[in-house]
Amino acid sequence: MGFVYQDERFADLQLLRYRLNGFDELSLRQKKLIYYLSKATLFGRDITFDQYGKYNLRIRKMLEVIYCDETIAHDTADFRALEVYLKRVWFSNGICHHYGCEKFKPGFSVDYLRSVLQKVDARKLPLKSGESVEEMCKELFPVIFDMQVLPKRVNKADGEDLVRTSACHFYEKVSQQEAEAFYARMKQEDAGNETPVSYGLNSTLVKENGELKERVWKADGLYGNAIRHIIYWLRKAMEVAENEAQKSYIALLIKYYESGDLNTFNEYCIEWVGEHESAIDFINGFIEVYGDPLGLKGSWEGLVEYIDQEATHRTQTISNNAQWFEDHSPVDQRFKKAVVHGVSANVICAAMLGGEEYPSTAIGINLPNADWIRARYGSKSITISNITDAYNKAAKGSGFKEEFVVDEATLQLIEKYGDVCDDLHTDLHECLGHGSGQLLPGVDPDSLKAYGNTIEEARADLFGLYYMADNKLVELGLTPDKEAYKSQYYTYMMNGLMTQLIRITPGHQIEEAHMRNRALIAHWCYENGDAIQLVKRKGKTYVEITDYEQLRGLIARLLAEVQRIKSEGDYEAARRLVETYAVKVDATLHQEVLERYKKLNLAPYKGFINPMMLPVLDENGEICDIQLNYSESYAHQMLRYSSEYATLI
């Protein structure tokens, strides 16, 4: 199967590679489709950088000029620190951590940066019209060096103005209150519409002359140059589409990019989610809203994929039984779908990652996000097999489980069932969890505001955890026996209570939605029953599960409450649940976990280097094959992308 080259490590990051298994068996038409879609994926890169922070693109370009300048000494401590900083900027699409969102602290000085900028060719620097190098430094240096200036990309601290205190570039000169009121008025004016748009999804909200306005991301609007390049390659993809339905939804995506009309985006989502015949699919656009503290604005992302036929049998078994899972869920009958529509699920191989999905990517995705489209037309879920395979291979022999798992019997349980159950929980989360349940009539999908993402991820995880222990999974051949689920219960609770703390800076609280979700579930179950204990063995803390059956009952209770919160739009209950169980960090336990993890010499975060796709031309100049090359280094790829796919600076 797949392979992993552990290419490079720096800071808290490790770069891996993923293999395109089965690519050589695809037809020439399919290879060309993947190639064209991959180009469309890579041309969105600068959009993500700009969305993640107003100054990111200029800082990246400035540092790249220094990094490539041969007149500057590369063998100094300052240069090496600048190199690490630049590599982190590449990895995170900006100057804030890709997961924790806190701003990076440079390991080089203001004086050093100013001195090397005086040596480089000023014509290569990202200077504004008429701007001097010193004027550029005056603007950018506080952003880089002052930890009080734009300190977090996404701030979710309760009681603060989340818009003004977040460095993400979705709002300009706008407060949280103004933004929420602006979109509340939009929704009120559209009240009663049974097919609402995702308000604010594809625009920057700005205040000009005291008036709030949306600057829409479209071909002749904001990010227009990048979007026009994306459209060009989508048109090329249309020429080799696998069927008319696929050609039609690509055309709708182009129409949406050209117009910026969110009604057209709805039309695209409906056609996309209804097409199931093609082996190749893709995500391209302003999709997930985790990067916006208000959960409205879509960060740009791209992914090209093709079906892993062998592994897809597992997900199709799940999706074929979607109605059974919905009917037997432990939630209130009012919140269940009477009829589950159009749930499809595939295991896929990633062929190209871009935007928010690069270099760090999800292992499972469920779309579209609009609740009413899910309810009427269904959803598409994917689990990414070659990415999961790369993660699993990188984890083998690391010593992590041996350090943190409570005893040998539990460790053997995880070794026996862990990989199977990890994949299965991801499938249940994406295939069924996100698509389960329904909002009550009249409930605003955005009513949970800043807590919406955490509650939604908790809902999907709880759904998966609840059914992991169900005999139905053994009956369907998805788990080998009635004991298998225990490996997932243990690793999930260990992660939520302890080991995910390796990703938190000392003194910080939990901010990221997925981490909050896991903490919420684990801490709620720990504090509302006695199925889980924290025990001391030889001075070390471990998670011990004493009653797996009781734990499943606790998961059922929490799932019922989380679904109620979602279905009723109960903001105050969501706030209490998240703030009580999902945010705070025990400083003593945190320090212990960090010290134990440090001894393992592991990188807590991993990302990927994309394969190079090289078109082979025949004597007539036509593409006759697409060759793959896995040898490109991380720095070379990033510099090449900054050159080949530069659209906004």
# chains A, B, ... in the order shown; residues from 1 in each chain; ligands from 1
$ closest_atom_pairs --of "stretch 403-501 of chain A" --to "stretch 383-399 of chain A" --cutoff "8 Å" --atoms "only C-alpha atoms" --output "Markdown table"
| residue | atom | partner | partner_atom | distance |
| --- | --- | --- | --- | --- |
| A:Glu403 | CA | A:Gly399 | CA | 6.2 |
| A:Asp419 | CA | A:Asn392 | CA | 7.7 |
| A:Asp423 | CA | A:Thr383 | CA | 7.8 |
| A:Thr426 | CA | A:Thr383 | CA | 7.0 |
| A:Asp427 | CA | A:Thr383 | CA | 6.4 |
| A:Glu430 | CA | A:Thr383 | CA | 7.8 |
$ write_last_selection --atoms "N, CA and C atoms" --output "mmCIF file, in the first residue's frame"
data_model
loop_
_atom_site.group_PDB
_atom_site.id
_atom_site.type_symbol
_atom_site.label_atom_id
_atom_site.label_comp_id
_atom_site.auth_asym_id
_atom_site.auth_seq_id
_atom_site.Cartn_x
_atom_site.Cartn_y
_atom_site.Cartn_z
ATOM 1 N N GLU A 403 3.834 5.067 26.209
ATOM 2 C CA GLU A 403 4.015 6.054 27.262
ATOM 3 C C GLU A 403 2.709 6.423 27.943
ATOM 4 N N ASP A 419 -6.422 0.612 14.374
ATOM 5 C CA ASP A 419 -6.504 1.168 13.023
ATOM 6 C C ASP A 419 -7.892 0.989 12.431
ATOM 7 N N ASP A 423 -10.501 4.277 11.650
ATOM 8 C CA ASP A 423 -11.107 4.513 10.334
ATOM 9 C C ASP A 423 -12.627 4.474 10.423
ATOM 10 N N THR A 426 -14.110 7.608 12.025
ATOM 11 C CA THR A 426 -14.091 8.704 11.051
ATOM 12 C C THR A 426 -15.232 8.548 10.052
ATOM 13 N N ASP A 427 -15.450 7.313 9.581
ATOM 14 C CA ASP A 427 -16.543 7.063 8.633
ATOM 15 C C ASP A 427 -17.898 7.405 9.247
ATOM 16 N N GLU A 430 -18.273 11.257 9.649
ATOM 17 C CA GLU A 430 -18.497 11.985 8.403
ATOM 18 C C GLU A 430 -19.743 11.513 7.667
#
$ residues_around --residues "stretch 28-42 of chain A" --least-positions-apart "2" --cutoff "8 Å" --atoms "only C-alpha atoms" --output "ChimeraX atom specification"
/A:23,26,44-45,229-234,236-237,240-242,280,282,284,301-305,351-355,613,623-626,641,645
$ residues_around --residues "A:Arg516" --least-positions-apart "5" --cutoff "10 Å" --atoms "only C-alpha atoms" --output "VMD selection string"
chain A and resid 451 453 to 455 457 to 458 496 509 to 511 521 to 522 578 to 579 581 to 584
$ closest_atom_pairs --of "stretch 287-353 of chain A" --to "stretch 463-473 of chain A" --cutoff "10 Å" --atoms "only C-alpha atoms" --output "JSON lines"
{"residue": "A:Thr317", "atom": "CA", "partner": "A:Leu473", "partner_atom": "CA", "distance": 9.8}
{"residue": "A:Ile318", "atom": "CA", "partner": "A:Leu473", "partner_atom": "CA", "distance": 8.9}
{"residue": "A:Asn321", "atom": "CA", "partner": "A:Lys472", "partner_atom": "CA", "distance": 10.0}
{"residue": "A:Trp324", "atom": "CA", "partner": "A:Lys472", "partner_atom": "CA", "distance": 9.5}
{"residue": "A:Phe325", "atom": "CA", "partner": "A:Tyr467", "partner_atom": "CA", "distance": 8.1}
{"residue": "A:Glu326", "atom": "CA", "partner": "A:Phe463", "partner_atom": "CA", "distance": 9.7}
{"residue": "A:His328", "atom": "CA", "partner": "A:Tyr467", "partner_atom": "CA", "distance": 9.6}
{"residue": "A:Ser329", "atom": "CA", "partner": "A:Phe463", "partner_atom": "CA", "distance": 7.9}
{"residue": "A:Pro330", "atom": "CA", "partner": "A:Tyr466", "partner_atom": "CA", "distance": 8.8}
{"residue": "A:Val331", "atom": "CA", "partner": "A:Phe463", "partner_atom": "CA", "distance": 9.9}
$ select_by_dssp --residues "stretch 280-383 of chain A" --states "strand (DSSP E or B)" --output "number ranges by chain"
A: 280-286, 300-307, 343-355, 364-367, 379-383
$ residues_around --residues "A:Lys380" --least-positions-apart "5" --cutoff "7 Å" --atoms "only C-alpha atoms" --output "ChimeraX atom specification"
/A:273,343-345,366-367
$ closest_residue --among "A:Tyr489, A:Met515, A:Leu150, A:Tyr171" --to "A:Glu549" --atoms "only C-alpha atoms"
A:Tyr489
$ select_by_dssp --residues "stretch 507-609 of chain A" --states "alpha helix (DSSP H)" --output "PyMOL selection string"
chain A and resi 513-527+548-568+571-581+587-598
$ residues_around --residues "A:Ile649" --least-positions-apart "5" --cutoff "8 Å" --atoms "only C-alpha atoms" --output "compact mmCIF listing (two decimals) with N, CA and C atoms, in the first residue's frame"
# COMPACT_ATOMS: atom_id res chain seq x y z
N LEU A 57 0.60 37.77 3.02
CA LEU A 57 1.23 37.64 1.70
C LEU A 57 2.48 38.51 1.59
N ARG A 58 2.42 39.72 2.10
CA ARG A 58 3.59 40.59 2.03
C ARG A 58 4.73 40.06 2.91
N PRO A 126 7.99 43.10 -1.77
CA PRO A 126 6.57 43.42 -2.00
C PRO A 126 6.24 44.84 -1.56
$ residues_around --residues "stretch 94-101 of chain A" --least-positions-apart "2" --cutoff "7 Å" --atoms "only C-alpha atoms" --output "count of residues only"
15
$ closest_residue --among "A:Leu577, A:Ala587, A:Leu20, A:Cys421" --to "A:Met612" --atoms "only C-alpha atoms"
A:Leu20
$ closest_residue --among "A:Val406, A:Met498, A:Cys68, A:Leu440" --to "A:Glu544" --atoms "only C-alpha atoms"
A:Val406
$ residues_around --residues "stretch 526-531 of chain A" --least-positions-apart "2" --cutoff "8 Å" --atoms "only C-alpha atoms" --output "number ranges by chain"
A: 522-524, 533, 545-548, 550-551, 554
$ write_last_selection --atoms "all heavy atoms" --output "mmCIF file, in the first residue's frame"
data_model
loop_
_atom_site.group_PDB
_atom_site.id
_atom_site.type_symbol
_atom_site.label_atom_id
_atom_site.label_comp_id
_atom_site.auth_asym_id
_atom_site.auth_seq_id
_atom_site.Cartn_x
_atom_site.Cartn_y
_atom_site.Cartn_z
ATOM 1 N N ALA A 522 -14.955 14.174 26.548
ATOM 2 C CA ALA A 522 -14.198 13.412 27.545
ATOM 3 C C ALA A 522 -14.422 13.941 28.961
ATOM 4 O O ALA A 522 -14.651 13.164 29.898
ATOM 5 C CB ALA A 522 -12.711 13.443 27.195
ATOM 6 N N HIS A 523 -14.392 15.258 29.131
ATOM 7 C CA HIS A 523 -14.567 15.828 30.478
ATOM 8 C C HIS A 523 -16.004 15.680 30.970
ATOM 9 O O HIS A 523 -16.227 15.439 32.161
ATOM 10 C CB HIS A 523 -14.136 17.294 30.489
ATOM 11 C CG HIS A 523 -12.654 17.482 30.512
ATOM 12 N ND1 HIS A 523 -11.917 17.424 31.670
ATOM 13 C CD2 HIS A 523 -11.764 17.702 29.518
ATOM 14 C CE1 HIS A 523 -10.641 17.605 31.397
ATOM 15 N NE2 HIS A 523 -10.519 17.781 30.101
ATOM 16 N N TRP A 524 -16.974 15.804 30.085
ATOM 17 C CA TRP A 524 -18.368 15.612 30.504
ATOM 18 C C TRP A 524 -18.584 14.181 30.986
ATOM 19 O O TRP A 524 -19.197 13.960 32.038
ATOM 20 C CB TRP A 524 -19.316 15.941 29.353
ATOM 21 C CG TRP A 524 -20.760 15.993 29.760
ATOM 22 C CD1 TRP A 524 -21.484 17.087 30.127
ATOM 23 C CD2 TRP A 524 -21.668 14.875 29.860
ATOM 24 N NE1 TRP A 524 -22.773 16.745 30.447
ATOM 25 C CE2 TRP A 524 -22.915 15.382 30.300
ATOM 26 C CE3 TRP A 524 -21.560 13.510 29.627
ATOM 27 C CZ2 TRP A 524 -24.037 14.571 30.496
ATOM 28 C CZ3 TRP A 524 -22.666 12.688 29.834
ATOM 29 C CH2 TRP A 524 -23.890 13.223 30.257
ATOM 30 N N GLN A 533 -11.641 7.007 35.169
ATOM 31 C CA GLN A 533 -10.847 7.506 36.282
ATOM 32 C C GLN A 533 -9.496 7.989 35.775
ATOM 33 O O GLN A 533 -8.990 7.497 34.764
ATOM 34 C CB GLN A 533 -10.621 6.400 37.328
ATOM 35 C CG GLN A 533 -11.879 5.915 38.019
ATOM 36 C CD GLN A 533 -11.585 4.830 39.039
ATOM 37 O OE1 GLN A 533 -10.417 4.510 39.303
ATOM 38 N NE2 GLN A 533 -12.630 4.268 39.627
ATOM 39 N N ILE A 545 -10.498 3.261 32.085
ATOM 40 C CA ILE A 545 -11.941 3.089 31.894
ATOM 41 C C ILE A 545 -12.359 1.837 32.653
ATOM 42 O O ILE A 545 -11.897 0.732 32.362
ATOM 43 C CB ILE A 545 -12.313 2.988 30.406
ATOM 44 C CG1 ILE A 545 -11.923 4.284 29.679
ATOM 45 C CG2 ILE A 545 -13.810 2.724 30.233
ATOM 46 C CD1 ILE A 545 -12.210 4.280 28.188
ATOM 47 N N THR A 546 -13.230 2.014 33.643
ATOM 48 C CA THR A 546 -13.631 0.907 34.517
ATOM 49 C C THR A 546 -14.950 0.270 34.098
ATOM 50 O O THR A 546 -15.254 -0.844 34.523
ATOM 51 C CB THR A 546 -13.767 1.405 35.966
ATOM 52 O OG1 THR A 546 -14.721 2.481 35.997
ATOM 53 C CG2 THR A 546 -12.427 1.913 36.481
ATOM 54 N N ASP A 547 -15.741 0.981 33.296
ATOM 55 C CA ASP A 547 -17.058 0.456 32.915
ATOM 56 C C ASP A 547 -17.412 0.973 31.517
ATOM 57 O O ASP A 547 -17.928 2.073 31.358
ATOM 58 C CB ASP A 547 -18.113 0.903 33.928
ATOM 59 C CG ASP A 547 -19.446 0.174 33.760
ATOM 60 O OD1 ASP A 547 -19.759 -0.229 32.618
ATOM 61 O OD2 ASP A 547 -20.181 0.042 34.755
ATOM 62 N N TYR A 548 -17.102 0.165 30.519
ATOM 63 C CA TYR A 548 -17.349 0.577 29.131
ATOM 64 C C TYR A 548 -18.836 0.691 28.819
ATOM 65 O O TYR A 548 -19.247 1.557 28.043
ATOM 66 C CB TYR A 548 -16.672 -0.400 28.166
ATOM 67 C CG TYR A 548 -15.186 -0.199 28.036
ATOM 68 C CD1 TYR A 548 -14.291 -0.901 28.849
ATOM 69 C CD2 TYR A 548 -14.670 0.688 27.101
ATOM 70 C CE1 TYR A 548 -12.916 -0.721 28.732
ATOM 71 C CE2 TYR A 548 -13.300 0.885 26.971
ATOM 72 C CZ TYR A 548 -12.428 0.179 27.789
ATOM 73 O OH TYR A 548 -11.070 0.373 27.670
ATOM 74 N N GLN A 550 -21.255 1.541 30.930
ATOM 75 C CA GLN A 550 -21.738 2.802 31.494
ATOM 76 C C GLN A 550 -21.279 3.987 30.644
ATOM 77 O O GLN A 550 -22.028 4.952 30.444
ATOM 78 C CB GLN A 550 -21.239 2.990 32.926
ATOM 79 C CG GLN A 550 -21.782 4.258 33.583
ATOM 80 C CD GLN A 550 -21.030 4.650 34.840
ATOM 81 O OE1 GLN A 550 -20.818 5.831 35.100
ATOM 82 N NE2 GLN A 550 -20.617 3.652 35.640
ATOM 83 N N LEU A 551 -20.057 3.902 30.142
ATOM 84 C CA LEU A 551 -19.538 4.981 29.312
ATOM 85 C C LEU A 551 -20.390 5.165 28.060
ATOM 86 O O LEU A 551 -20.679 6.298 27.659
ATOM 87 C CB LEU A 551 -18.081 4.707 28.935
ATOM 88 C CG LEU A 551 -17.394 5.763 28.056
ATOM 89 C CD1 LEU A 551 -17.493 7.153 28.675
ATOM 90 C CD2 LEU A 551 -15.928 5.385 27.819
ATOM 91 N N LEU A 554 -23.366 7.147 29.018
ATOM 92 C CA LEU A 554 -23.053 8.569 29.168
ATOM 93 C C LEU A 554 -22.967 9.255 27.801
ATOM 94 O O LEU A 554 -23.451 10.374 27.618
ATOM 95 C CB LEU A 554 -21.732 8.734 29.915
ATOM 96 C CG LEU A 554 -21.745 8.351 31.401
ATOM 97 C CD1 LEU A 554 -20.325 8.244 31.933
ATOM 98 C CD2 LEU A 554 -22.547 9.369 32.211
#
$ closest_residue --among "A:His313, A:Arg576, A:Lys599, A:Arg564" --to "A:Gly477" --atoms "only C-alpha atoms"
A:His313
$ decode --residues "stretch 401-413 of chain A" --atoms "N, CA, C and O atoms" --output "PDB file, in the first residue's frame"
ATOM      1  N   LYS A 401       2.046   5.424  22.387  1.00  0.00           N
ATOM      2  CA  LYS A 401       1.033   4.629  23.081  1.00  0.00           C
ATOM      3  C   LYS A 401       1.614   3.964  24.323  1.00  0.00           C
ATOM      4  O   LYS A 401       0.958   3.894  25.372  1.00  0.00           O
ATOM      5  N   GLU A 402       2.832   3.482  24.190  1.00  0.00           N
ATOM      6  CA  GLU A 402       3.462   2.822  25.334  1.00  0.00           C
ATOM      7  C   GLU A 402       3.625   3.786  26.515  1.00  0.00           C
ATOM      8  O   GLU A 402       3.556   3.370  27.676  1.00  0.00           O
ATOM      9  N   GLU A 403       3.834   5.067  26.209  1.00  0.00           N
ATOM     10  CA  GLU A 403       4.015   6.054  27.262  1.00  0.00           C
ATOM     11  C   GLU A 403       2.709   6.423  27.943  1.00  0.00           C
ATOM     12  O   GLU A 403       2.663   6.629  29.162  1.00  0.00           O
ATOM     13  N   PHE A 404       1.610   6.491  27.197  1.00  0.00           N
ATOM     14  CA  PHE A 404       0.387   7.072  27.753  1.00  0.00           C
ATOM     15  C   PHE A 404      -0.751   6.078  28.015  1.00  0.00           C
ATOM     16  O   PHE A 404      -1.682   6.419  28.745  1.00  0.00           O
ATOM     17  N   VAL A 405      -0.706   4.886  27.446  1.00  0.00           N
ATOM     18  CA  VAL A 405      -1.780   3.912  27.689  1.00  0.00           C
ATOM     19  C   VAL A 405      -1.573   3.254  29.049  1.00  0.00           C
ATOM     20  O   VAL A 405      -0.449   2.929  29.440  1.00  0.00           O
ATOM     21  N   VAL A 406      -2.640   3.008  29.773  1.00  0.00           N
ATOM     22  CA  VAL A 406      -2.591   2.679  31.195  1.00  0.00           C
ATOM     23  C   VAL A 406      -1.926   1.342  31.507  1.00  0.00           C
ATOM     24  O   VAL A 406      -1.224   1.220  32.514  1.00  0.00           O
ATOM     25  N   ASP A 407      -2.154   0.321  30.666  1.00  0.00           N
ATOM     26  CA  ASP A 407      -1.593  -0.993  30.980  1.00  0.00           C
ATOM     27  C   ASP A 407      -1.424  -1.815  29.704  1.00  0.00           C
ATOM     28  O   ASP A 407      -1.884  -1.435  28.620  1.00  0.00           O
ATOM     29  N   GLU A 408      -0.767  -2.945  29.847  1.00  0.00           N
ATOM     30  CA  GLU A 408      -0.443  -3.785  28.699  1.00  0.00           C
ATOM     31  C   GLU A 408      -1.695  -4.350  28.033  1.00  0.00           C
ATOM     32  O   GLU A 408      -1.757  -4.442  26.804  1.00  0.00           O
ATOM     33  N   ALA A 409      -2.690  -4.723  28.833  1.00  0.00           N
ATOM     34  CA  ALA A 409      -3.917  -5.290  28.264  1.00  0.00           C
ATOM     35  C   ALA A 409      -4.621  -4.274  27.365  1.00  0.00           C
ATOM     36  O   ALA A 409      -5.085  -4.610  26.263  1.00  0.00           O
ATOM     37  N   THR A 410      -4.693  -3.028  27.819  1.00  0.00           N
ATOM     38  CA  THR A 410      -5.325  -1.983  27.007  1.00  0.00           C
ATOM     39  C   THR A 410      -4.489  -1.690  25.773  1.00  0.00           C
ATOM     40  O   THR A 410      -5.023  -1.464  24.679  1.00  0.00           O
ATOM     41  N   LEU A 411      -3.178  -1.708  25.935  1.00  0.00           N
ATOM     42  CA  LEU A 411      -2.290  -1.483  24.799  1.00  0.00           C
ATOM     43  C   LEU A 411      -2.480  -2.567  23.739  1.00  0.00           C
ATOM     44  O   LEU A 411      -2.538  -2.271  22.531  1.00  0.00           O
ATOM     45  N   GLN A 412      -2.608  -3.801  24.156  1.00  0.00           N
ATOM     46  CA  GLN A 412      -2.834  -4.895  23.207  1.00  0.00           C
ATOM     47  C   GLN A 412      -4.178  -4.746  22.506  1.00  0.00           C
ATOM     48  O   GLN A 412      -4.308  -5.042  21.305  1.00  0.00           O
ATOM     49  N   LEU A 413      -5.175  -4.279  23.250  1.00  0.00           N
ATOM     50  CA  LEU A 413      -6.492  -4.025  22.668  1.00  0.00           C
ATOM     51  C   LEU A 413      -6.388  -2.993  21.541  1.00  0.00           C
ATOM     52  O   LEU A 413      -6.956  -3.168  20.455  1.00  0.00           O
TER      53      LEU A 413
END
